[in-house]
file structure.pdb (PDB, N, CA and C atoms)
ATOM      1  N   MET A 362     -31.070 -10.394  33.803
ATOM      2  CA  MET A 362     -30.387 -11.257  34.733
ATOM      3  C   MET A 362     -29.116 -11.841  34.121
ATOM      4  N   ASN A 363     -29.116 -12.063  32.820
ATOM      5  CA  ASN A 363     -27.912 -12.582  32.179
ATOM      6  C   ASN A 363     -26.767 -11.581  32.271
ATOM      7  N   LEU A 364     -27.088 -10.294  32.337
ATOM      8  CA  LEU A 364     -26.036  -9.285  32.484
ATOM      9  C   LEU A 364     -25.264  -9.500  33.776
ATOM     10  N   VAL A 365     -25.962  -9.839  34.837
ATOM     11  CA  VAL A 365     -25.300 -10.110  36.118
ATOM     12  C   VAL A 365     -24.402 -11.334  35.997
ATOM     13  N   ARG A 366     -24.879 -12.346  35.278
ATOM     14  CA  ARG A 366     -24.085 -13.561  35.099
ATOM     15  C   ARG A 366     -22.838 -13.298  34.246
ATOM     16  N   LEU A 367     -22.922 -12.317  33.372
ATOM     17  CA  LEU A 367     -21.798 -12.002  32.495
ATOM     18  C   LEU A 367     -20.823 -10.993  33.105
ATOM     19  N   LEU A 368     -21.099 -10.501  34.299
ATOM     20  CA  LEU A 368     -20.220  -9.510  34.929
ATOM     21  C   LEU A 368     -18.767  -9.981  35.081
ATOM     22  N   PRO A 369     -18.508 -11.239  35.447
ATOM     23  CA  PRO A 369     -17.100 -11.655  35.517
ATOM     24  C   PRO A 369     -16.375 -11.534  34.177
ATOM     25  N   VAL A 370     -17.072 -11.819  33.094
ATOM     26  CA  VAL A 370     -16.480 -11.696  31.760
ATOM     27  C   VAL A 370     -16.189 -10.228  31.459
ATOM     28  N   LEU A 371     -17.164  -9.371  31.730
ATOM     29  CA  LEU A 371     -16.991  -7.936  31.464
ATOM     30  C   LEU A 371     -15.869  -7.352  32.315
ATOM     31  N   LEU A 372     -15.823  -7.740  33.583
ATOM     32  CA  LEU A 372     -14.767  -7.253  34.472
ATOM     33  C   LEU A 372     -13.399  -7.735  34.013
ATOM     34  N   SER A 373     -13.313  -8.984  33.571
ATOM     35  CA  SER A 373     -12.035  -9.526  33.104
ATOM     36  C   SER A 373     -11.502  -8.755  31.902
ATOM     37  N   PHE A 374     -12.377  -8.469  30.951
ATOM     38  CA  PHE A 374     -11.916  -7.714  29.784
ATOM     39  C   PHE A 374     -11.611  -6.263  30.149
ATOM     40  N   GLY A 375     -12.328  -5.708  31.112
ATOM     41  CA  GLY A 375     -12.007  -4.358  31.578
ATOM     42  C   GLY A 375     -10.629  -4.296  32.229
ATOM     43  N   LEU A 376     -10.310  -5.310  33.036
ATOM     44  CA  LEU A 376      -8.985  -5.363  33.660
ATOM     45  C   LEU A 376      -7.889  -5.572  32.621
ATOM     46  N   LEU A 377      -8.169  -6.391  31.619
ATOM     47  CA  LEU A 377      -7.185  -6.577  30.551
ATOM     48  C   LEU A 377      -6.968  -5.274  29.782
ATOM     49  N   ALA A 378      -8.042  -4.527  29.541
ATOM     50  CA  ALA A 378      -7.900  -3.234  28.857
ATOM     51  C   ALA A 378      -7.033  -2.290  29.686
ATOM     52  N   ALA A 379      -7.243  -2.260  30.994
ATOM     53  CA  ALA A 379      -6.427  -1.412  31.862
ATOM     54  C   ALA A 379      -4.969  -1.858  31.850
ATOM     55  N   HIS A 380      -4.750  -3.154  31.861
ATOM     56  CA  HIS A 380      -3.384  -3.700  31.811
ATOM     57  C   HIS A 380      -2.683  -3.280  30.517
ATOM     58  N   PHE A 381      -3.381  -3.435  29.381
ATOM     59  CA  PHE A 381      -2.784  -3.058  28.106
ATOM     60  C   PHE A 381      -2.589  -1.548  28.010
ATOM     61  N   SER A 382      -3.477  -0.787  28.638
ATOM     62  CA  SER A 382      -3.335   0.672  28.643
ATOM     63  C   SER A 382      -2.076   1.074  29.412
ATOM     64  N   ARG A 383      -1.842   0.431  30.519
ATOM     65  CA  ARG A 383      -0.647   0.726  31.321
ATOM     66  C   ARG A 383       0.626   0.410  30.541
ATOM     67  N   ALA A 384       0.537  -0.605  29.669
ATOM     68  CA  ALA A 384       1.687  -1.000  28.857
ATOM     69  C   ALA A 384       1.754  -0.226  27.539
ATOM     70  N   ASN A 385       0.832   0.716  27.344
ATOM     71  CA  ASN A 385       0.771   1.540  26.118
ATOM     72  C   ASN A 385       0.600   0.709  24.846
ATOM     73  N   ILE A 386      -0.221  -0.332  24.928
ATOM     74  CA  ILE A 386      -0.540  -1.153  23.759
ATOM     75  C   ILE A 386      -1.996  -0.852  23.394
ATOM     76  N   PHE A 387      -2.214   0.288  22.762
ATOM     77  CA  PHE A 387      -3.566   0.782  22.560
ATOM     78  C   PHE A 387      -4.417  -0.043  21.596
ATOM     79  N   PRO A 388      -3.867  -0.701  20.583
ATOM     80  CA  PRO A 388      -4.734  -1.583  19.780
ATOM     81  C   PRO A 388      -5.367  -2.702  20.622
ATOM     82  N   LEU A 389      -4.608  -3.233  21.593
ATOM     83  CA  LEU A 389      -5.160  -4.278  22.455
ATOM     84  C   LEU A 389      -6.139  -3.709  23.472
ATOM     85  N   VAL A 390      -5.954  -2.449  23.857
ATOM     86  CA  VAL A 390      -6.924  -1.787  24.736
ATOM     87  C   VAL A 390      -8.265  -1.725  24.028
ATOM     88  N   ILE A 391      -8.249  -1.255  22.799
ATOM     89  CA  ILE A 391      -9.491  -1.127  22.027
ATOM     90  C   ILE A 391     -10.114  -2.504  21.811
ATOM     91  N   LEU A 392      -9.295  -3.488  21.488
ATOM     92  CA  LEU A 392      -9.795  -4.842  21.276
ATOM     93  C   LEU A 392     -10.441  -5.397  22.549
ATOM     94  N   ALA A 393      -9.777  -5.211  23.689
ATOM     95  CA  ALA A 393     -10.317  -5.714  24.957
ATOM     96  C   ALA A 393     -11.621  -5.019  25.322
ATOM     97  N   LEU A 394     -11.787  -3.781  24.906
ATOM     98  CA  LEU A 394     -13.033  -3.066  25.187
ATOM     99  C   LEU A 394     -14.147  -3.419  24.206
ATOM    100  N   LEU A 395     -13.780  -3.842  23.009
ATOM    101  CA  LEU A 395     -14.790  -4.171  21.998
ATOM    102  C   LEU A 395     -15.251  -5.627  22.059
ATOM    103  N   ILE A 396     -14.401  -6.526  22.507
ATOM    104  CA  ILE A 396     -14.744  -7.949  22.543
ATOM    105  C   ILE A 396     -16.047  -8.228  23.294
ATOM    106  N   PRO A 397     -16.308  -7.604  24.439
ATOM    107  CA  PRO A 397     -17.571  -7.892  25.136
ATOM    108  C   PRO A 397     -18.828  -7.591  24.304
ATOM    109  N   PHE A 398     -18.719  -6.746  23.307
ATOM    110  CA  PHE A 398     -19.886  -6.477  22.466
ATOM    111  C   PHE A 398     -20.272  -7.700  21.636
ATOM    112  N   LEU A 399     -19.357  -8.647  21.474
ATOM    113  CA  LEU A 399     -19.694  -9.901  20.803
ATOM    114  C   LEU A 399     -20.776 -10.662  21.571
ATOM    115  N   LEU A 400     -20.862 -10.413  22.860
ATOM    116  CA  LEU A 400     -21.845 -11.106  23.690
ATOM    117  C   LEU A 400     -23.281 -10.784  23.287
ATOM    118  N   LEU A 401     -23.460  -9.765  22.493
ATOM    119  CA  LEU A 401     -24.800  -9.422  22.002
ATOM    120  C   LEU A 401     -25.269 -10.387  20.919
ATOM    121  N   ILE A 402     -24.337 -11.145  20.343
ATOM    122  CA  ILE A 402     -24.661 -12.125  19.306
ATOM    123  C   ILE A 402     -24.953 -13.459  19.989
ATOM    124  N   ARG A 403     -26.116 -14.016  19.737
ATOM    125  CA  ARG A 403     -26.545 -15.248  20.412
ATOM    126  C   ARG A 403     -26.155 -16.485  19.617
ATOM    127  N   LYS A 404     -24.870 -16.738  19.524
ATOM    128  CA  LYS A 404     -24.355 -17.897  18.794
ATOM    129  C   LYS A 404     -23.365 -18.651  19.678
ATOM    130  N   ALA A 405     -23.270 -19.947  19.455
ATOM    131  CA  ALA A 405     -22.358 -20.777  20.254
ATOM    132  C   ALA A 405     -20.903 -20.370  20.042
ATOM    133  N   TRP A 406     -20.546 -19.975  18.813
ATOM    134  CA  TRP A 406     -19.153 -19.618  18.551
ATOM    135  C   TRP A 406     -18.724 -18.396  19.351
ATOM    136  N   VAL A 407     -19.680 -17.531  19.695
ATOM    137  CA  VAL A 407     -19.347 -16.346  20.502
ATOM    138  C   VAL A 407     -18.909 -16.783  21.898
ATOM    139  N   ALA A 408     -19.686 -17.649  22.510
ATOM    140  CA  ALA A 408     -19.343 -18.120  23.858
ATOM    141  C   ALA A 408     -18.004 -18.840  23.857
ATOM    142  N   ARG A 409     -17.791 -19.698  22.874
ATOM    143  CA  ARG A 409     -16.526 -20.437  22.806
ATOM    144  C   ARG A 409     -15.349 -19.497  22.546
ATOM    145  N   SER A 410     -15.548 -18.521  21.690
ATOM    146  CA  SER A 410     -14.486 -17.545  21.406
ATOM    147  C   SER A 410     -14.132 -16.738  22.645
ATOM    148  N   ILE A 411     -15.150 -16.316  23.380
ATOM    149  CA  ILE A 411     -14.915 -15.561  24.612
ATOM    150  C   ILE A 411     -14.148 -16.423  25.615
ATOM    151  N   GLN A 412     -14.510 -17.699  25.709
ATOM    152  CA  GLN A 412     -13.800 -18.588  26.628
ATOM    153  C   GLN A 412     -12.318 -18.723  26.255
ATOM    154  N   VAL A 413     -12.044 -18.863  24.971
ATOM    155  CA  VAL A 413     -10.652 -18.972  24.519
ATOM    156  C   VAL A 413      -9.903 -17.669  24.800
ATOM    157  N   LEU A 414     -10.547 -16.549  24.525
ATOM    158  CA  LEU A 414      -9.910 -15.249  24.764
ATOM    159  C   LEU A 414      -9.652 -15.015  26.249
ATOM    160  N   LEU A 415     -10.538 -15.503  27.096
ATOM    161  CA  LEU A 415     -10.300 -15.384  28.534
ATOM    162  C   LEU A 415      -9.109 -16.234  28.968
ATOM    163  N   LEU A 416      -8.959 -17.415  28.384
ATOM    164  CA  LEU A 416      -7.778 -18.232  28.689
ATOM    165  C   LEU A 416      -6.497 -17.550  28.216
ATOM    166  N   LEU A 417      -6.560 -16.921  27.042
ATOM    167  CA  LEU A 417      -5.402 -16.152  26.566
ATOM    168  C   LEU A 417      -5.121 -14.964  27.491
ATOM    169  N   GLY A 418      -6.182 -14.347  27.984
ATOM    170  CA  GLY A 418      -6.016 -13.249  28.934
ATOM    171  C   GLY A 418      -5.348 -13.711  30.218
ATOM    172  N   ALA A 419      -5.736 -14.886  30.700
ATOM    173  CA  ALA A 419      -5.101 -15.442  31.905
ATOM    174  C   ALA A 419      -3.620 -15.717  31.650
ATOM    175  N   ALA A 420      -3.324 -16.221  30.455
ATOM    176  CA  ALA A 420      -1.914 -16.464  30.106
ATOM    177  C   ALA A 420      -1.141 -15.156  30.061
ATOM    178  N   GLU A 421      -1.780 -14.095  29.596
ATOM    179  CA  GLU A 421      -1.125 -12.773  29.573
ATOM    180  C   GLU A 421      -0.830 -12.297  30.990
ATOM    181  N   TRP A 422      -1.749 -12.536  31.920
ATOM    182  CA  TRP A 422      -1.495 -12.140  33.308
ATOM    183  C   TRP A 422      -0.299 -12.888  33.879
ATOM    184  N   ILE A 423      -0.183 -14.172  33.564
ATOM    185  CA  ILE A 423       0.955 -14.957  34.050
ATOM    186  C   ILE A 423       2.251 -14.453  33.421
ATOM    187  N   ARG A 424       2.219 -14.169  32.110
ATOM    188  CA  ARG A 424       3.406 -13.636  31.433
ATOM    189  C   ARG A 424       3.832 -12.311  32.054
ATOM    190  N   ALA A 425       2.865 -11.435  32.274
ATOM    191  CA  ALA A 425       3.160 -10.132  32.874
ATOM    192  C   ALA A 425       3.709 -10.302  34.285
ATOM    193  N   MET A 426       3.140 -11.238  35.032
ATOM    194  CA  MET A 426       3.613 -11.476  36.391
ATOM    195  C   MET A 426       5.089 -11.876  36.389
ATOM    196  N   LEU A 427       5.458 -12.775  35.487
ATOM    197  CA  LEU A 427       6.859 -13.207  35.418
ATOM    198  C   LEU A 427       7.785 -12.042  35.065
ATOM    199  N   ASP A 428       7.348 -11.183  34.149
ATOM    200  CA  ASP A 428       8.148  -9.998  33.808
ATOM    201  C   ASP A 428       8.281  -9.051  34.995
ATOM    202  N   TYR A 429       7.169  -8.807  35.681
ATOM    203  CA  TYR A 429       7.190  -7.889  36.824
ATOM    204  C   TYR A 429       8.021  -8.448  37.977
ATOM    205  N   ILE A 430       7.990  -9.764  38.159
ATOM    206  CA  ILE A 430       8.807 -10.374  39.211
ATOM    207  C   ILE A 430      10.288 -10.161  38.915
ATOM    208  N   GLU A 431      10.678 -10.335  37.668
ATOM    209  CA  GLU A 431      12.083 -10.104  37.294
ATOM    210  C   GLU A 431      12.494  -8.665  37.580
ATOM    211  N   ILE A 432      11.614  -7.728  37.271
ATOM    212  CA  ILE A 432      11.911  -6.313  37.532
ATOM    213  C   ILE A 432      12.067  -6.084  39.031
ATOM    214  N   ARG A 433      11.117  -6.632  39.805
ATOM    215  CA  ARG A 433      11.183  -6.451  41.256
ATOM    216  C   ARG A 433      12.446  -7.075  41.838
ATOM    217  N   LYS A 434      12.797  -8.259  41.345
ATOM    218  CA  LYS A 434      14.016  -8.918  41.840
ATOM    219  C   LYS A 434      15.257  -8.103  41.507
ATOM    220  N   SER A 435      15.292  -7.528  40.311
ATOM    221  CA  SER A 435      16.482  -6.783  39.900
ATOM    222  C   SER A 435      16.695  -5.515  40.724
ATOM    223  N   ILE A 436      15.618  -4.939  41.242
ATOM    224  CA  ILE A 436      15.783  -3.739  42.068
ATOM    225  C   ILE A 436      15.741  -4.055  43.567
ATOM    226  N   GLY A 437      15.621  -5.340  43.883
ATOM    227  CA  GLY A 437      15.692  -5.760  45.283
ATOM    228  C   GLY A 437      14.402  -5.609  46.062
ATOM    229  N   ASP A 438      13.284  -5.426  45.391
ATOM    230  CA  ASP A 438      11.993  -5.305  46.084
ATOM    231  C   ASP A 438      11.372  -6.680  46.303
ATOM    232  N   ASP A 439      10.455  -6.729  47.261
ATOM    233  CA  ASP A 439       9.705  -7.955  47.512
ATOM    234  C   ASP A 439       8.691  -8.151  46.380
ATOM    235  N   TRP A 440       8.547  -9.379  45.920
ATOM    236  CA  TRP A 440       7.657  -9.660  44.798
ATOM    237  C   TRP A 440       6.523 -10.625  45.153
ATOM    238  N   THR A 441       6.479 -11.073  46.399
ATOM    239  CA  THR A 441       5.504 -12.081  46.808
ATOM    240  C   THR A 441       4.066 -11.596  46.658
ATOM    241  N   ARG A 442       3.790 -10.404  47.151
ATOM    242  CA  ARG A 442       2.427  -9.862  47.076
ATOM    243  C   ARG A 442       1.999  -9.678  45.623
ATOM    244  N   LEU A 443       2.924  -9.185  44.794
ATOM    245  CA  LEU A 443       2.661  -9.023  43.364
ATOM    246  C   LEU A 443       2.258 -10.355  42.748
ATOM    247  N   ALA A 444       2.991 -11.413  43.069
ATOM    248  CA  ALA A 444       2.706 -12.734  42.515
ATOM    249  C   ALA A 444       1.338 -13.241  42.964
ATOM    250  N   ILE A 445       1.021 -13.052  44.228
ATOM    251  CA  ILE A 445      -0.277 -13.502  44.748
ATOM    252  C   ILE A 445      -1.414 -12.781  44.037
ATOM    253  N   ILE A 446      -1.287 -11.474  43.893
ATOM    254  CA  ILE A 446      -2.342 -10.690  43.250
ATOM    255  C   ILE A 446      -2.518 -11.093  41.795
ATOM    256  N   LEU A 447      -1.420 -11.197  41.058
ATOM    257  CA  LEU A 447      -1.539 -11.487  39.629
ATOM    258  C   LEU A 447      -1.948 -12.935  39.351
ATOM    259  N   VAL A 448      -1.552 -13.869  40.189
ATOM    260  CA  VAL A 448      -2.038 -15.242  40.034
ATOM    261  C   VAL A 448      -3.547 -15.283  40.296
ATOM    262  N   THR A 449      -3.990 -14.544  41.300
ATOM    263  CA  THR A 449      -5.429 -14.478  41.586
ATOM    264  C   THR A 449      -6.193 -13.896  40.416
ATOM    265  N   VAL A 450      -5.688 -12.814  39.846
ATOM    266  CA  VAL A 450      -6.342 -12.201  38.688
ATOM    267  C   VAL A 450      -6.354 -13.171  37.504
ATOM    268  N   ALA A 451      -5.265 -13.884  37.288
ATOM    269  CA  ALA A 451      -5.194 -14.855  36.191
ATOM    270  C   ALA A 451      -6.213 -15.976  36.384
ATOM    271  N   VAL A 452      -6.320 -16.487  37.600
ATOM    272  CA  VAL A 452      -7.273 -17.574  37.876
ATOM    273  C   VAL A 452      -8.704 -17.076  37.700
ATOM    274  N   LEU A 453      -9.002 -15.894  38.199
ATOM    275  CA  LEU A 453     -10.354 -15.346  38.053
ATOM    276  C   LEU A 453     -10.681 -15.065  36.589
ATOM    277  N   THR A 454      -9.697 -14.621  35.814
ATOM    278  CA  THR A 454      -9.913 -14.391  34.386
ATOM    279  C   THR A 454     -10.220 -15.709  33.686
ATOM    280  N   ALA A 455      -9.463 -16.735  33.992
ATOM    281  CA  ALA A 455      -9.705 -18.042  33.374
ATOM    282  C   ALA A 455     -11.060 -18.601  33.797
ATOM    283  N   CYS A 456     -11.405 -18.436  35.061
ATOM    284  CA  CYS A 456     -12.673 -18.974  35.571
ATOM    285  C   CYS A 456     -13.891 -18.186  35.080
ATOM    286  N   ALA A 457     -13.687 -16.981  34.610
ATOM    287  CA  ALA A 457     -14.814 -16.184  34.109
ATOM    288  C   ALA A 457     -15.504 -16.886  32.943
ATOM    289  N   GLY A 458     -14.775 -17.689  32.206
ATOM    290  CA  GLY A 458     -15.368 -18.428  31.095
ATOM    291  C   GLY A 458     -16.346 -19.502  31.537
ATOM    292  N   LEU A 459     -16.310 -19.858  32.805
ATOM    293  CA  LEU A 459     -17.219 -20.884  33.309
ATOM    294  C   LEU A 459     -18.658 -20.392  33.417
ATOM    295  N   VAL A 460     -18.874 -19.094  33.290
ATOM    296  CA  VAL A 460     -20.248 -18.585  33.374
ATOM    297  C   VAL A 460     -21.127 -19.172  32.271
ATOM    298  N   PHE A 461     -20.508 -19.604  31.186
ATOM    299  CA  PHE A 461     -21.278 -20.151  30.070
ATOM    300  C   PHE A 461     -21.762 -21.571  30.342
ATOM    301  N   ARG A 462     -21.408 -22.129  31.474
ATOM    302  CA  ARG A 462     -21.898 -23.457  31.848
ATOM    303  C   ARG A 462     -23.245 -23.380  32.551
ATOM    304  N   GLY A 463     -23.663 -22.161  32.911
ATOM    305  CA  GLY A 463     -24.958 -21.977  33.563
ATOM    306  C   GLY A 463     -26.109 -22.197  32.594
ATOM    307  N   LYS A 464     -27.245 -22.600  33.131
ATOM    308  CA  LYS A 464     -28.399 -22.971  32.303
ATOM    309  C   LYS A 464     -28.873 -21.829  31.418
ATOM    310  N   SER A 465     -29.021 -20.636  31.980
ATOM    311  CA  SER A 465     -29.585 -19.531  31.196
ATOM    312  C   SER A 465     -28.641 -19.079  30.074
ATOM    313  N   LEU A 466     -27.333 -19.098  30.336
ATOM    314  CA  LEU A 466     -26.404 -18.707  29.278
ATOM    315  C   LEU A 466     -26.235 -19.823  28.245
ATOM    316  N   LYS A 467     -26.400 -21.067  28.667
ATOM    317  CA  LYS A 467     -26.397 -22.166  27.690
ATOM    318  C   LYS A 467     -27.560 -21.993  26.713
ATOM    319  N   LEU A 468     -28.702 -21.620  27.248
ATOM    320  CA  LEU A 468     -29.865 -21.401  26.390
ATOM    321  C   LEU A 468     -29.661 -20.188  25.479
ATOM    322  N   ARG A 469     -29.140 -19.116  26.052
ATOM    323  CA  ARG A 469     -28.948 -17.889  25.271
ATOM    324  C   ARG A 469     -28.000 -18.093  24.097
ATOM    325  N   TYR A 470     -26.905 -18.812  24.336
ATOM    326  CA  TYR A 470     -25.882 -18.992  23.296
ATOM    327  C   TYR A 470     -25.999 -20.349  22.585
ATOM    328  N   LYS A 471     -27.079 -21.064  22.849
ATOM    329  CA  LYS A 471     -27.365 -22.340  22.156
ATOM    330  C   LYS A 471     -26.218 -23.332  22.283
ATOM    331  N   LEU A 472     -25.763 -23.528  23.507
ATOM    332  CA  LEU A 472     -24.649 -24.453  23.775
ATOM    333  C   LEU A 472     -25.164 -25.833  24.108
TER     334      LEU A 472
END

call {"tool": "encode", "arguments": {"input": "structure.pdb", "output": "C-alpha cells"}}
result
Amino acid sequence: MNLVRLLPVLLSFGLLAAHFSRANIFPLVILALLIPFLLLIRKAWVARSIQVLLLLGAAEWIRAMLDYIEIRKSIGDDWTRLAIILVTVAVLTACAGLVFRGKSLKLRYKL
C-alpha cells in the first residue's frame, strides 16, 4: 500500500528524467531514475532528502518554463498553455513531497 502512496514521488522523478533526457543531460537522467531507489531505505533522512529534491525539481520546472516562454515569445508563438502546463507540473512536483506527512509513511521512515 505504501507503493501507491509513493506514486506521486515516483511519477515526479520519472517526469524529471524525461525532461533531462529531452535536454540531453544524461547524468541527471540517470540520477533522477536512481533517486527513487533511496525510498527502499527506511530512514528519516531519506524522506527529507526526497522532499528537498522534489522542491529542487519544482524549481527546475519553473526555470525551464521561463526559458521556453522566452523561446516561444521570440518566434511569436503563444506561450500561455505552456506556462499553465509547466506551472501545474511544478506544483505537483513540489506537492509530491507531502506524501511523507501520511501516517503510514511517517511510520515507515521514522518521522

call {"tool": "closest_residue", "arguments": {"input": "structure.pdb", "among": "A:Ala379, A:Ile445, A:Thr454, A:Leu371", "to": "A:Gly418", "atoms": "only N, CA and C atoms"}}
result
A:Thr454

call {"tool": "residues_around", "arguments": {"input": "structure.pdb", "residues": "A:Lys404", "least_positions_apart": "4", "cutoff": "6 Å", "atoms": "only N, CA and C atoms", "output": "tab-separated table (two decimals) with N, CA and C atoms, in the frame of the given file"}}
result
chain	number	residue	atom	x	y	z
A	408	ALA	N	-19.69	-17.65	22.51
A	408	ALA	CA	-19.34	-18.12	23.86
A	408	ALA	C	-18.00	-18.84	23.86
A	469	ARG	N	-29.14	-19.12	26.05
A	469	ARG	CA	-28.95	-17.89	25.27
A	469	ARG	C	-28.00	-18.09	24.10
A	470	TYR	N	-26.90	-18.81	24.34
A	470	TYR	CA	-25.88	-18.99	23.30
A	470	TYR	C	-26.00	-20.35	22.58
A	471	LYS	N	-27.08	-21.06	22.85
A	471	LYS	CA	-27.36	-22.34	22.16
A	471	LYS	C	-26.22	-23.33	22.28

call {"tool": "closest_residue", "arguments": {"input": "structure.pdb", "among": "A:Ser382, A:Ser373, A:Gln412, A:Asn363", "to": "A:Gly458", "atoms": "only C-alpha atoms"}}
result
A:Gln412

call {"tool": "atom_distance", "arguments": {"input": "structure.pdb", "atom1": "atom C of A:Leu376", "atom2": "atom C of A:Met362"}}
result
22.2 Å

call {"tool": "atom_distance", "arguments": {"input": "structure.pdb", "atom1": "atom N of A:Lys464", "atom2": "atom CA of A:Arg366"}}
result
9.8 Å

call {"tool": "closest_residue", "arguments": {"input": "structure.pdb", "among": "A:Ile396, A:Val450, A:Val407, A:Val413", "to": "A:Met426", "atoms": "only C-alpha atoms"}}
result
A:Val450

call {"tool": "atom_distance", "arguments": {"input": "structure.pdb", "atom1": "atom CA of A:Leu389", "atom2": "atom C of A:Lys434"}}
result
28.2 Å

call {"tool": "resolve_selection", "arguments": {"input": "structure.pdb", "expression": "the PyMOL selection byres (((chain A and resi 417 and name CA) around 12) and name CA)", "output": "JSON, numbers by chain"}}
result
{"A": [373, 374, 377, 393, 410, 411, 412, 413, 414, 415, 416, 418, 419, 420, 421, 422, 423, 424, 451, 452, 454, 455, 456, 458]}

call {"tool": "closest_residue", "arguments": {"input": "structure.pdb", "among": "A:Leu364, A:Leu453, A:Leu394, A:Leu401", "to": "A:Ala378", "atoms": "all atoms listed in the file"}}
result
A:Leu394

call {"tool": "select_by_dssp", "arguments": {"input": "structure.pdb", "residues": "stretch 376-470 of chain A", "states": "alpha helix (DSSP H)", "output": "ChimeraX atom specification"}}
result
/A:376-383,387-395,405-436,441-456,464-469

call {"tool": "closest_residue", "arguments": {"input": "structure.pdb", "among": "A:Arg409, A:Ala425, A:Ile446, A:Glu431", "to": "A:Leu472", "atoms": "only C-alpha atoms"}}
result
A:Arg409

call {"tool": "decode", "arguments": {"input": "structure.pdb", "residues": "stretch 383-423 of chain A", "atoms": "C-alpha atoms", "output": "PDB file, in the first residue's frame"}}
result
ATOM      1  CA  ARG A 383      14.925  15.893 -23.756  1.00  0.00           C
ATOM      2  CA  ALA A 384      17.623  18.400 -22.789  1.00  0.00           C
ATOM      3  CA  ASN A 385      20.363  15.761 -23.361  1.00  0.00           C
ATOM      4  CA  ILE A 386      21.619  15.976 -19.768  1.00  0.00           C
ATOM      5  CA  PHE A 387      22.141  12.256 -19.288  1.00  0.00           C
ATOM      6  CA  PRO A 388      23.897  12.327 -15.883  1.00  0.00           C
ATOM      7  CA  LEU A 389      20.761  13.986 -14.466  1.00  0.00           C
ATOM      8  CA  VAL A 390      18.560  11.449 -16.266  1.00  0.00           C
ATOM      9  CA  ILE A 391      20.386   8.627 -14.516  1.00  0.00           C
ATOM     10  CA  LEU A 392      20.273  10.482 -11.198  1.00  0.00           C
ATOM     11  CA  ALA A 393      16.523  11.131 -11.498  1.00  0.00           C
ATOM     12  CA  LEU A 394      15.953   7.445 -12.225  1.00  0.00           C
ATOM     13  CA  LEU A 395      18.144   6.240  -9.356  1.00  0.00           C
ATOM     14  CA  ILE A 396      16.927   8.601  -6.615  1.00  0.00           C
ATOM     15  CA  PRO A 397      13.631   6.716  -6.064  1.00  0.00           C
ATOM     16  CA  PHE A 398      15.646   3.650  -5.048  1.00  0.00           C
ATOM     17  CA  LEU A 399      16.594   5.589  -1.908  1.00  0.00           C
ATOM     18  CA  LEU A 400      12.998   5.031  -0.825  1.00  0.00           C
ATOM     19  CA  LEU A 401      13.950   1.445  -0.019  1.00  0.00           C
ATOM     20  CA  ILE A 402      15.978   2.761   2.938  1.00  0.00           C
ATOM     21  CA  ARG A 403      13.752   3.290   5.987  1.00  0.00           C
ATOM     22  CA  LYS A 404      15.442   6.356   7.462  1.00  0.00           C
ATOM     23  CA  ALA A 405      14.168   9.862   8.170  1.00  0.00           C
ATOM     24  CA  TRP A 406      16.991  11.456   6.168  1.00  0.00           C
ATOM     25  CA  VAL A 407      15.746   9.647   3.049  1.00  0.00           C
ATOM     26  CA  ALA A 408      12.291  11.201   3.289  1.00  0.00           C
ATOM     27  CA  ARG A 409      13.718  14.649   3.984  1.00  0.00           C
ATOM     28  CA  SER A 410      16.222  14.337   1.134  1.00  0.00           C
ATOM     29  CA  ILE A 411      13.489  13.294  -1.283  1.00  0.00           C
ATOM     30  CA  GLN A 412      11.391  16.271  -0.189  1.00  0.00           C
ATOM     31  CA  VAL A 413      14.276  18.677  -0.817  1.00  0.00           C
ATOM     32  CA  LEU A 414      15.000  17.088  -4.197  1.00  0.00           C
ATOM     33  CA  LEU A 415      11.349  17.418  -5.172  1.00  0.00           C
ATOM     34  CA  LEU A 416      11.460  21.127  -4.319  1.00  0.00           C
ATOM     35  CA  LEU A 417      14.586  21.456  -6.464  1.00  0.00           C
ATOM     36  CA  GLY A 418      12.750  19.596  -9.217  1.00  0.00           C
ATOM     37  CA  ALA A 419       9.862  22.062  -8.995  1.00  0.00           C
ATOM     38  CA  ALA A 420      12.349  24.923  -9.251  1.00  0.00           C
ATOM     39  CA  GLU A 421      13.803  23.275 -12.365  1.00  0.00           C
ATOM     40  CA  TRP A 422      10.340  23.159 -13.939  1.00  0.00           C
ATOM     41  CA  ILE A 423       9.888  26.880 -13.273  1.00  0.00           C
TER      42      ILE A 423
END
